[in-house]
file input_1.txt (compact mmCIF, C-alpha atoms)
# COMPACT_ATOMS: atom_id res chain seq x y z
CA MET A 101 2.08 36.25 -102.82
CA VAL A 102 5.81 36.46 -102.02
CA TYR A 103 7.55 37.16 -98.72
CA GLY A 104 11.00 38.71 -98.45
CA GLN A 105 13.47 40.54 -96.26
CA ASN A 106 16.05 43.22 -97.07
CA GLU A 107 19.51 43.78 -95.64
CA LYS A 108 18.18 46.11 -92.96
CA GLY A 109 16.09 43.36 -91.47
CA GLU A 110 12.82 44.81 -92.73
CA ARG A 111 10.25 42.45 -94.08
CA PHE A 112 8.23 43.04 -97.18
CA LEU A 113 5.25 41.34 -98.77
CA CYS A 114 4.60 41.03 -102.50
CA THR A 115 1.06 40.48 -103.67
CA ALA A 116 -0.19 39.88 -107.20
CA VAL A 117 -2.69 42.53 -108.44
CA SER A 118 -4.60 42.96 -111.66
CA ILE A 119 -3.47 45.38 -114.40
CA ASP A 120 -6.25 47.83 -113.88
CA LYS A 121 -5.49 48.23 -110.20
CA ASP A 122 -3.47 51.09 -108.73
CA THR A 123 -0.06 49.91 -107.65
CA SER A 124 1.08 53.16 -106.11
CA CYS A 125 -0.31 52.29 -102.67
CA PRO A 126 2.55 51.19 -100.44
CA VAL A 127 2.37 47.94 -98.45
CA GLN A 128 2.91 48.32 -94.72
CA SER A 129 5.75 46.19 -93.29
CA LEU A 130 4.95 43.69 -90.55
CA PRO A 131 6.92 43.74 -87.27
CA PHE A 132 9.49 40.98 -86.94
CA GLN A 133 11.90 40.07 -84.19
CA SER A 134 15.58 40.30 -84.77
CA SER A 135 17.60 37.15 -85.39
CA SER A 136 19.59 37.55 -82.18
CA VAL A 137 16.45 37.50 -80.06
CA GLN A 138 15.12 34.44 -81.87
CA GLU A 139 18.42 32.56 -81.44
CA GLU A 140 18.48 33.37 -77.74
CA GLU A 141 15.00 31.96 -77.29
CA LEU A 142 15.91 28.81 -79.20
CA ARG A 143 19.10 28.44 -77.14
CA ASN A 144 17.12 28.77 -73.89
CA THR A 145 14.63 26.20 -75.07
CA VAL A 146 17.42 23.74 -75.96
CA MET A 147 19.09 24.27 -72.59
CA GLN A 148 15.80 23.64 -70.80
CA LEU A 149 15.23 20.46 -72.79
CA ARG A 150 18.79 19.31 -72.08
CA GLU A 151 18.39 20.01 -68.35
CA ILE A 152 15.11 18.11 -68.30
CA ILE A 153 16.71 15.16 -70.09
CA LEU A 154 19.63 15.12 -67.62
CA GLN A 155 17.22 15.19 -64.70
CA GLN A 156 15.30 12.31 -66.22
CA LYS A 157 18.51 10.36 -66.73
CA GLU A 158 19.52 10.95 -63.09
CA THR A 159 16.05 9.87 -61.93
CA ILE A 160 16.21 6.72 -64.02
CA VAL A 161 19.71 5.90 -62.74
CA ASN A 162 18.48 6.29 -59.16
CA GLN A 163 15.50 4.10 -59.93
CA LEU A 164 17.77 1.49 -61.50
CA GLY A 165 19.94 1.54 -58.37
CA THR A 166 16.86 1.06 -56.21
CA ILE A 167 15.72 -1.85 -58.36
CA LYS A 168 19.15 -3.50 -58.16
CA GLU A 169 19.16 -3.12 -54.36
CA LEU A 170 15.70 -4.68 -54.13
CA THR A 171 16.77 -7.47 -56.47
CA SER A 172 19.79 -8.17 -54.24
CA LYS A 173 17.58 -8.26 -51.14
CA LEU A 174 15.19 -10.65 -52.85
CA SER A 175 18.07 -12.94 -53.89
CA ARG A 176 19.40 -13.04 -50.32
CA CYS A 177 15.93 -13.79 -48.99
CA GLU A 178 15.49 -16.62 -51.48
CA SER A 179 18.95 -17.97 -50.57
CA ASP A 180 18.21 -17.77 -46.82
CA SER A 181 14.84 -19.42 -47.37
CA GLU A 182 16.49 -22.28 -49.30
CA THR A 183 19.14 -22.65 -46.57
CA PHE A 184 16.53 -22.89 -43.83
CA ARG A 185 14.56 -25.38 -45.90
CA LYS A 186 17.69 -27.60 -46.21
CA ILE A 187 18.41 -27.31 -42.47
CA ASN A 188 14.81 -28.23 -41.73
CA LYS A 189 14.99 -31.25 -44.05
CA ASP A 190 18.33 -32.56 -42.64
CA THR A 191 17.47 -32.19 -38.92
CA MET A 192 13.90 -32.27 -37.74
CA ASP A 193 11.35 -33.75 -40.14
CA ASP A 194 8.34 -32.50 -38.26
CA VAL A 195 9.39 -28.75 -38.24
CA PRO A 196 7.09 -26.73 -40.68
CA LYS A 197 8.65 -25.95 -44.09
CA ASP A 198 8.56 -22.54 -45.92
CA PRO A 199 5.18 -22.11 -47.65
CA ASN A 200 5.32 -22.73 -51.38
CA ASP A 201 2.88 -19.92 -52.11
CA THR A 202 5.31 -17.39 -50.60
CA ILE A 203 8.07 -18.51 -52.97
CA ASP A 204 5.64 -18.37 -55.92
CA VAL A 205 4.60 -14.83 -55.03
CA LEU A 206 8.24 -13.77 -54.76
CA GLY A 207 8.97 -15.34 -58.13
CA LYS A 208 6.06 -13.50 -59.76
CA THR A 209 7.08 -10.25 -58.10
CA MET A 210 10.63 -10.70 -59.37
CA GLN A 211 9.37 -11.29 -62.90
CA GLY A 212 7.19 -8.19 -62.65
CA LEU A 213 10.23 -6.23 -61.52
CA LYS A 214 12.20 -7.40 -64.52
CA ASP A 215 9.38 -6.54 -66.94
CA ARG A 216 8.98 -3.06 -65.54
CA LEU A 217 12.71 -2.54 -65.63
CA GLU A 218 12.82 -3.51 -69.30
CA ASN A 219 9.94 -1.15 -70.10
CA LEU A 220 11.69 1.64 -68.24
CA GLU A 221 14.94 1.06 -70.11
CA GLN A 222 13.14 0.95 -73.46
CA GLN A 223 11.34 4.19 -72.77
CA GLN A 224 14.63 5.80 -71.73
CA MET A 225 16.28 4.63 -74.94
CA ARG A 226 13.45 6.06 -77.00
CA ALA A 227 13.72 9.33 -75.12
CA ASN A 228 17.47 9.51 -75.74
CA ILE A 229 17.00 8.85 -79.44
CA SER A 230 14.22 11.38 -79.94
CA GLY A 231 15.82 14.03 -77.72
CA VAL A 232 12.46 14.66 -76.06
CA SER A 233 11.90 14.45 -72.32
CA PHE A 234 9.29 12.24 -70.69
CA PRO A 235 5.93 13.88 -70.10
CA ASN A 236 5.23 14.63 -66.47
CA GLU A 237 2.32 12.17 -66.42
CA LEU A 238 4.53 9.31 -67.66
CA ARG A 239 7.28 10.17 -65.17
CA ASN A 240 4.80 10.27 -62.29
CA LEU A 241 3.26 6.98 -63.39
CA LEU A 242 6.65 5.26 -63.45
CA GLN A 243 7.51 6.72 -60.08
CA ARG A 244 4.27 5.43 -58.56
CA ARG A 245 4.78 2.02 -60.08
CA LEU A 246 8.31 1.74 -58.74
CA GLU A 247 7.23 2.90 -55.30
CA ASP A 248 4.42 0.35 -55.31
CA LEU A 249 6.85 -2.38 -56.40
CA GLU A 250 9.30 -1.40 -53.68
CA ASN A 251 6.56 -1.59 -51.06
CA GLN A 252 5.51 -5.02 -52.29
CA LEU A 253 9.06 -6.35 -52.18
CA LEU A 254 9.71 -4.89 -48.74
CA LYS A 255 6.53 -6.55 -47.52
CA LYS A 256 7.65 -9.92 -48.91
CA VAL A 257 11.09 -9.46 -47.37
CA ASN A 258 9.52 -8.78 -43.98
CA GLU A 259 7.25 -11.81 -44.35
CA LEU A 260 10.25 -14.01 -45.17
CA GLU A 261 12.15 -12.64 -42.19
CA ASP A 262 9.18 -13.44 -39.93
CA GLU A 263 8.89 -16.95 -41.37
CA LYS A 264 12.62 -17.56 -40.92
CA SER A 265 12.42 -16.38 -37.32
CA GLN A 266 9.41 -18.60 -36.65
CA LEU A 267 11.10 -21.59 -38.32
CA TYR A 268 14.25 -21.05 -36.28
CA ASN A 269 12.29 -20.77 -33.02
CA GLU A 270 10.31 -23.93 -33.79
CA THR A 271 13.50 -25.79 -34.73
CA VAL A 272 15.20 -24.75 -31.49
CA ALA A 273 12.13 -25.72 -29.46
CA HIS A 274 11.90 -29.12 -31.18
CA ARG A 275 15.61 -29.76 -30.65
CA GLN A 276 15.23 -28.78 -26.99
CA ARG A 277 12.34 -31.22 -26.54
CA THR A 278 14.34 -33.96 -28.24
CA ASP A 279 17.38 -33.26 -26.06
CA ASN A 280 15.24 -33.32 -22.93
CA THR A 281 13.71 -36.65 -23.94
CA LEU A 282 17.13 -38.15 -24.70
CA ASN A 283 18.51 -36.87 -21.41
CA SER A 284 15.59 -38.43 -19.55
CA LEU A 285 16.13 -41.74 -21.31
CA MET A 286 19.87 -41.65 -20.62
CA ASN A 287 19.23 -40.88 -16.97
CA ARG A 288 16.73 -43.72 -16.78
CA ILE A 289 19.16 -46.14 -18.43
CA SER A 290 21.89 -45.05 -16.03
CA GLU A 291 19.56 -45.62 -13.10
CA LEU A 292 18.63 -49.06 -14.39
CA GLU A 293 22.26 -50.04 -15.01
CA LYS A 294 23.50 -48.66 -11.74
CA GLY A 295 20.36 -49.53 -9.84
CA GLY A 296 20.05 -50.15 -6.15
CA ALA A 297 20.87 -46.67 -4.94
CA GLY A 298 17.67 -46.70 -2.91
CA PHE A 299 17.72 -50.36 -1.84
CA LYS A 300 17.39 -50.89 1.90
CA SER A 301 20.32 -53.32 1.78
CA PRO A 302 22.63 -54.48 -1.04
CA GLU A 303 20.81 -57.81 -1.47
CA ASN A 304 17.19 -56.61 -1.32
CA PHE A 305 16.57 -56.27 -5.06
CA LYS A 306 15.46 -58.36 -8.02
CA ILE A 307 16.08 -58.25 -11.73
CA SER A 308 13.08 -58.19 -14.03
CA LEU A 309 13.15 -59.84 -17.46
CA PRO A 310 9.62 -59.21 -18.76
CA LEU A 311 10.03 -60.18 -22.41
CA ARG A 312 11.22 -63.24 -24.27
CA THR A 313 13.97 -61.69 -26.35
CA ASN A 314 17.61 -62.30 -27.12
CA TYR A 315 18.83 -59.00 -25.63
CA LEU A 316 17.43 -58.77 -22.06
CA PHE A 317 19.80 -60.30 -19.53
CA GLY A 318 21.83 -59.84 -16.39
CA GLN A 319 25.49 -60.62 -15.91
CA VAL A 320 27.58 -61.46 -12.85
CA LYS A 321 30.66 -59.25 -12.90
CA LYS A 322 33.01 -61.82 -11.40
CA SER A 323 33.85 -65.20 -12.89
CA LEU A 324 34.04 -68.57 -11.16
CA PRO A 325 37.23 -70.21 -9.92
CA GLU A 326 37.99 -73.86 -10.60
CA MET A 327 35.54 -75.86 -8.49
CA TYR A 328 35.14 -79.55 -7.61
CA ALA A 329 31.74 -79.02 -6.01
CA PHE A 330 29.12 -76.27 -5.90
CA THR A 331 25.72 -75.24 -4.61
CA VAL A 332 23.60 -72.76 -6.58
CA CYS A 333 20.53 -71.21 -4.92
CA MET A 334 18.11 -68.55 -6.19
CA TRP A 335 14.56 -67.26 -5.96
CA LEU A 336 12.53 -67.47 -9.19
CA LYS A 337 9.13 -66.20 -10.28
CA SER A 338 7.89 -67.06 -13.76
CA GLY A 339 4.55 -67.73 -15.41
CA SER A 340 6.00 -68.22 -18.86
CA SER A 341 4.76 -71.02 -21.10
CA PRO A 342 5.95 -73.27 -22.60
CA GLY A 343 8.99 -73.48 -20.38
CA ILE A 344 10.46 -70.77 -18.15
CA GLY A 345 13.61 -70.54 -20.28
CA THR A 346 17.16 -70.29 -18.89
CA PRO A 347 17.53 -68.82 -15.38
CA PHE A 348 21.33 -68.92 -15.67
CA SER A 349 24.18 -70.24 -17.80
CA TYR A 350 27.95 -70.41 -17.29
CA GLY A 351 30.19 -70.76 -20.33
CA VAL A 352 33.97 -71.08 -20.64
CA PRO A 353 36.24 -71.04 -23.70
CA GLY A 354 35.72 -74.29 -25.54
CA GLN A 355 32.54 -75.17 -23.61
CA ALA A 356 29.52 -72.81 -23.68
CA ASN A 357 27.46 -75.29 -21.58
CA GLU A 358 29.75 -75.63 -18.58
CA ILE A 359 26.78 -75.13 -16.18
CA VAL A 360 23.25 -74.46 -17.46
CA LEU A 361 19.78 -74.61 -15.89
CA ILE A 362 17.10 -74.58 -18.59
CA GLU A 363 13.46 -75.42 -19.26
CA TRP A 364 12.96 -75.19 -23.01
CA GLY A 365 9.65 -75.76 -24.75
CA HIS A 366 7.69 -78.72 -23.37
CA ASN A 367 10.78 -80.44 -22.02
CA PRO A 368 11.30 -80.78 -18.24
CA ILE A 369 13.85 -78.63 -16.44
CA GLU A 370 17.38 -79.78 -17.23
CA LEU A 371 20.76 -79.31 -15.57
CA LEU A 372 23.78 -79.35 -17.90
CA ILE A 373 27.37 -79.73 -16.64
CA ASN A 374 30.10 -79.92 -19.28
CA ASP A 375 27.28 -80.49 -21.79
CA LYS A 376 26.10 -83.60 -19.89
CA VAL A 377 22.35 -83.51 -19.10
CA VAL A 378 20.10 -84.62 -16.27
CA GLN A 379 16.38 -83.88 -15.86
CA LEU A 380 15.20 -82.27 -12.60
CA PRO A 381 11.75 -82.88 -11.05
CA LEU A 382 11.02 -79.18 -10.53
CA SER A 383 7.87 -77.18 -11.38
CA LEU A 384 8.36 -73.41 -11.51
CA SER A 385 5.92 -71.96 -14.07
CA ASP A 386 2.94 -71.12 -11.83
CA GLY A 387 3.73 -67.40 -11.54
CA ARG A 388 4.77 -67.56 -7.84
CA TRP A 389 8.07 -67.13 -6.05
CA HIS A 390 10.00 -70.38 -5.55
CA HIS A 391 13.31 -71.06 -3.84
CA VAL A 392 15.52 -73.38 -5.90
CA CYS A 393 18.86 -74.99 -4.90
CA ILE A 394 21.05 -77.38 -6.88
CA THR A 395 24.11 -79.17 -5.49
CA TRP A 396 26.78 -81.11 -7.36
CA THR A 397 30.15 -82.70 -6.67
CA THR A 398 32.73 -84.04 -9.08
CA ARG A 399 33.04 -87.26 -7.03
CA ASP A 400 30.80 -89.67 -8.92
CA GLY A 401 28.87 -86.71 -10.33
CA LEU A 402 26.40 -86.66 -7.41
CA TRP A 403 23.61 -84.04 -7.63
CA GLU A 404 20.53 -82.92 -5.66
CA ALA A 405 17.62 -80.62 -6.51
CA TYR A 406 15.59 -78.63 -3.93
CA GLN A 407 12.40 -76.62 -4.39
CA ASP A 408 11.08 -74.48 -1.50
CA GLY A 409 13.30 -76.36 0.97
CA GLN A 410 12.27 -79.86 -0.12
CA ARG A 411 14.64 -82.23 -1.88
CA LEU A 412 12.67 -83.41 -4.90
CA GLY A 413 15.40 -85.34 -6.72
CA SER A 414 18.97 -86.66 -6.60
CA GLY A 415 21.29 -88.80 -8.71
CA ASP A 416 24.84 -89.46 -9.81
CA ASN A 417 27.07 -89.87 -12.84
CA LEU A 418 26.56 -86.28 -14.01
CA ALA A 419 29.94 -85.30 -15.52
CA PRO A 420 31.84 -87.27 -12.87
CA TRP A 421 35.41 -86.25 -12.08
CA HIS A 422 35.10 -83.12 -14.19
CA PRO A 423 36.21 -79.96 -12.40
CA ILE A 424 34.29 -76.76 -13.20
CA LYS A 425 36.62 -74.64 -15.32
CA PRO A 426 37.49 -71.06 -14.31
CA GLY A 427 37.55 -67.85 -16.33
CA GLY A 428 34.11 -68.08 -17.91
CA VAL A 429 31.05 -65.79 -18.20
CA LEU A 430 28.01 -66.14 -15.92
CA ILE A 431 24.76 -64.89 -17.54
CA LEU A 432 21.34 -64.55 -15.90
CA GLY A 433 18.31 -65.04 -18.14
CA GLN A 434 19.94 -66.32 -21.35
CA GLU A 435 21.56 -69.50 -22.70
CA GLN A 436 24.97 -68.97 -24.32
CA ASP A 437 25.75 -70.57 -27.66
CA VAL A 438 29.18 -68.95 -27.52
CA VAL A 439 30.85 -67.59 -24.42
CA GLY A 440 29.04 -64.39 -23.46
CA GLY A 441 26.68 -64.20 -26.42
CA ARG A 442 24.67 -65.54 -29.36
CA PHE A 443 21.49 -65.79 -27.33
CA ASP A 444 18.33 -67.53 -28.55
CA ALA A 445 15.07 -65.76 -27.70
CA THR A 446 13.18 -69.07 -27.45
CA GLN A 447 15.49 -70.10 -24.58
CA ALA A 448 15.33 -66.79 -22.68
CA PHE A 449 14.05 -66.67 -19.10
CA VAL A 450 10.86 -64.62 -18.63
CA GLY A 451 10.08 -63.45 -15.12
CA GLU A 452 11.93 -62.22 -12.04
CA LEU A 453 15.03 -63.52 -10.30
CA SER A 454 16.68 -62.69 -6.97
CA HIS A 455 19.21 -63.88 -4.36
CA PHE A 456 21.36 -65.79 -6.87
CA ASN A 457 24.27 -67.19 -4.80
CA ILE A 458 27.01 -69.78 -5.47
CA TRP A 459 29.15 -71.69 -2.96
CA ASP A 460 32.12 -73.91 -3.77
CA ARG A 461 30.78 -76.74 -1.58
CA VAL A 462 27.62 -78.76 -1.06
CA LEU A 463 25.40 -77.02 1.51
CA ARG A 464 23.63 -78.94 4.24
CA SER A 465 19.92 -79.48 3.77
CA THR A 466 19.23 -77.55 7.02
CA ASP A 467 20.91 -74.47 5.57
CA ILE A 468 18.84 -74.75 2.39
CA ILE A 469 15.61 -75.12 4.39
CA ALA A 470 16.48 -72.08 6.54
CA MET A 471 16.98 -69.92 3.46
CA SER A 472 13.78 -71.15 1.81
CA ASN A 473 11.58 -70.26 4.80
CA CYS A 474 13.33 -66.88 5.32
CA SER A 475 14.63 -67.80 8.75
CA SER A 476 18.22 -67.04 7.66
CA TYR A 477 20.18 -65.67 4.75
CA MET A 478 23.61 -66.94 3.63
CA PRO A 479 25.47 -65.05 0.89
CA GLY A 480 27.52 -67.23 -1.45
CA ASN A 481 31.26 -67.39 -0.85
CA VAL A 482 31.96 -67.55 -4.64
CA VAL A 483 29.13 -65.38 -5.99
CA ALA A 484 27.13 -63.22 -3.58
CA TRP A 485 23.86 -61.49 -4.56
CA THR A 486 24.75 -57.83 -4.13
CA ASP A 487 23.93 -54.80 -6.21
CA SER A 488 27.57 -54.16 -7.09
CA ASN A 489 28.02 -57.73 -8.44
CA ILE A 490 25.14 -57.67 -10.95
CA GLU A 491 24.77 -55.71 -14.20
CA VAL A 492 21.64 -55.59 -16.37
CA PHE A 493 21.40 -55.00 -20.13
CA GLY A 494 18.94 -54.59 -22.97
CA GLY A 495 16.10 -53.19 -20.88
CA ALA A 496 16.31 -55.60 -17.96
CA SER A 497 15.84 -53.67 -14.72
CA LYS A 498 16.72 -53.80 -11.06
CA LEU A 499 13.83 -53.25 -8.67
CA PRO A 500 13.52 -53.20 -4.87
CA LEU A 501 12.34 -56.41 -3.29
CA GLU A 502 11.23 -57.53 0.15
CA LEU A 503 11.46 -61.17 -0.77
CA CYS A 504 9.77 -62.89 2.14
CA GLU A 505 6.95 -60.36 2.26
CA ASP A 506 6.34 -60.80 -1.46
CA ARG A 507 6.41 -64.55 -1.12
CA LEU A 508 3.85 -64.50 1.68
CA PHE A 509 1.67 -62.23 -0.43
CA ASP A 510 1.88 -64.71 -3.34
CA ASN A 511 0.89 -67.59 -1.10
call {"tool": "encode", "arguments": {"input": "input_1.txt", "output": "structure tokens"}}
result
Amino acid sequence: MVYGQNEKGERFLCTAVSIDKDTSCPVQSLPFQSSSVQEEELRNTVMQLREIILQQKETIVNQLGTIKELTSKLSRCESDSETFRKINKDTMDDVPKDPNDTIDVLGKTMQGLKDRLENLEQQQMRANISGVSFPNELRNLLQRRLEDLENQLLKKVNELEDEKSQLYNETVAHRQRTDNTLNSLMNRISELEKGGAGFKSPENFKISLPLRTNYLFGQVKKSLPEMYAFTVCMWLKSGSSPGIGTPFSYGVPGQANEIVLIEWGHNPIELLINDKVVQLPLSLSDGRWHHVCITWTTRDGLWEAYQDGQRLGSGDNLAPWHPIKPGGVLILGQEQDVVGGRFDATQAFVGELSHFNIWDRVLRSTDIIAMSNCSSYMPGNVVAWTDSNIEVFGGASKLPLELCEDRLFDN
């Protein structure tokens, strides 16, 4: 069987027949469309395919733009998360850190995004090569997948934003609590250093040295002049053992032990003048208030020691003819190895001290007795016990004191 077509566009069909058959019967021609109609249909089909391919390309470009935007958002979120983690680490250790599982989820989501993007690009390349458009089902599937991925990433972005906001709020709150605590401590330290604002009178206070350390002490702001005699009186309360430590020490350049009162270890109380030593028959470690006065004069080095108005000891030849040097540092509660410092905790005074006064003369015994029984009060003419004259350091504190009432309560 043979097909053919003549110049007029008619189609004919040739069929093999046997010799004995009649060949005079004509063969009817089959209808056939003209070539111009067929070309127009093919052209329309090609245009439709081209339009579909262009639409698919535009859709893919839009999807790629969306993916890049989401990738950029994710990168910024990861960068912000890392920044907040560094801030958290460098400032407040106890502020909660970003959860690790959130970062892992974001990493997996990012990897999924990359995989889907690669698949999408590969399918687009195959479509471009073959010249065939994506089926509607495949296009819809990709669209749904991308929309689902976008929703997942937006959810993670919102979660990270919430976590960053929570971390920031907690950091601010923690910093505020820390600042409030520091301000309270600074105010308390200022009150302790200034002290006395609420004292009934400038002399009605005590300094408290509760621990045996090398950093709690008081200091008299003014120094001593050159003196050829002195009287030192004070009220002491200490239950420390062994030894009450050093109630006061006065050091000058070249001589840290110019005047020192100390009870160290199991030794008796000692008075040092120009590093010369005499033992005093005093007993002050029973935890009660005691009034103590010591007098000295350069003439023959005469000295006397009083406790609660009674003269318990006297002697001579204590640094005779040695004038007390001026320009030194007067410390309460510590013994000076160098002028103004290098304290030894084992020699520190533990307890309370008040009404520390110095005169540049030897007081009469009647004056000492009157002060010890609270019948009179005499401020020192060289060092007077007033709030403005005394500073405290290292945690030592100034506290109000009604001395005679407290002493009666102790007794």
call {"tool": "atom_distance", "arguments": {"input": "input_1.txt", "atom1": "CA of Lys337 (chain A)", "atom2": "CA of Met478 (chain A)"}}
result
20.1 Å
call {"tool": "atom_distance", "arguments": {"input": "input_1.txt", "atom1": "CA of Phe449 (chain A)", "atom2": "CA of Lys376 (chain A)"}}
result
20.8 Å
call {"tool": "closest_residue", "arguments": {"input": "input_1.txt", "among": "A:Ala419, A:Ile369, A:Ala356, A:Ile458", "to": "Ala484 (chain A)", "atoms": "all atoms listed in the file"}}
result
A:Ile458
call {"tool": "residues_around", "arguments": {"input": "input_1.txt", "residues": "region 322-328 of chain A", "least_positions_apart": "4", "cutoff": "7 Å", "atoms": "all atoms listed in the file", "output": "number ranges by chain"}}
result
A: 397-398, 423-430, 460, 482
call {"tool": "atom_distance", "arguments": {"input": "input_1.txt", "atom1": "CA of Leu316 (chain A)", "atom2": "CA of Gly494 (chain A)"}}
result
4.5 Å
call {"tool": "closest_residue", "arguments": {"input": "input_1.txt", "among": "A:Thr395, A:Leu164, A:Arg464, A:Ser338", "to": "Arg312 (chain A)", "atoms": "all atoms listed in the file"}}
result
A:Ser338
call {"tool": "closest_residue", "arguments": {"input": "input_1.txt", "among": "A:Thr331, A:Arg277, A:Leu267, A:Val439", "to": "Gly354 (chain A)", "atoms": "all atoms listed in the file"}}
result
A:Val439
call {"tool": "residues_around", "arguments": {"input": "input_1.txt", "residues": "region 382-389 of chain A", "least_positions_apart": "4", "cutoff": "7 Å", "atoms": "all atoms listed in the file", "output": "list in words"}}
result
Trp335, Leu336, Lys337, Ser338, Gly339, Ser340, Ile344, Ile369, Gln407, Arg507 and Asp510 of chain A
call {"tool": "residues_near_point", "arguments": {"input": "input_1.txt", "point": "(23.1, -57.3, -7.1)", "cutoff": "9 Å", "atoms": "only C-alpha atoms", "output": "list in words"}}
result
Gly295, Gly296, Pro302, Glu303, Asn304, Phe305, Lys306, Ile307, Val320, Ser454, His455, Phe456, Ala484, Trp485, Thr486, Asp487, Ser488, Asn489, Ile490, Glu491 and Lys498 of chain A
call {"tool": "write_last_selection", "arguments": {"input": "input_1.txt", "atoms": "C-alpha atoms", "output": "compact mmCIF listing (two decimals), in the coordinates of the input"}}
result
# COMPACT_ATOMS: atom_id res chain seq x y z
CA GLY A 295 20.36 -49.53 -9.84
CA GLY A 296 20.05 -50.15 -6.15
CA PRO A 302 22.63 -54.48 -1.04
CA GLU A 303 20.81 -57.81 -1.47
CA ASN A 304 17.19 -56.61 -1.32
CA PHE A 305 16.57 -56.27 -5.06
CA LYS A 306 15.46 -58.36 -8.02
CA ILE A 307 16.08 -58.25 -11.73
CA VAL A 320 27.58 -61.46 -12.85
CA SER A 454 16.68 -62.69 -6.97
CA HIS A 455 19.21 -63.88 -4.36
CA PHE A 456 21.36 -65.79 -6.87
CA ALA A 484 27.13 -63.22 -3.58
CA TRP A 485 23.86 -61.49 -4.56
CA THR A 486 24.75 -57.83 -4.13
CA ASP A 487 23.93 -54.80 -6.21
CA SER A 488 27.57 -54.16 -7.09
CA ASN A 489 28.02 -57.73 -8.44
CA ILE A 490 25.14 -57.67 -10.95
CA GLU A 491 24.77 -55.71 -14.20
CA LYS A 498 16.72 -53.80 -11.06
call {"tool": "closest_residue", "arguments": {"input": "input_1.txt", "among": "A:Ser341, A:Gln436, A:Ser465, A:Gln447", "to": "Ala405 (chain A)", "atoms": "all atoms listed in the file"}}
result
A:Ser465
call {"tool": "closest_residue", "arguments": {"input": "input_1.txt", "among": "A:Ile431, A:Val137, A:Val438, A:Leu249", "to": "Thr166 (chain A)", "atoms": "all atoms listed in the file"}}
result
A:Leu249
call {"tool": "closest_residue", "arguments": {"input": "input_1.txt", "among": "A:Gln138, A:Thr346, A:Gln222, A:Thr281", "to": "Thr446 (chain A)", "atoms": "all atoms listed in the file"}}
result
A:Thr346
call {"tool": "axis_aligned_box", "arguments": {"input": "input_1.txt", "around": "region 481-492 of chain A", "padding_each_side": "4 Å", "output": "JSON"}}
result
{"center_x": 26.8, "center_y": -60.9, "center_z": -8.6, "size_x": 18.3, "size_y": 21.4, "size_z": 23.5}
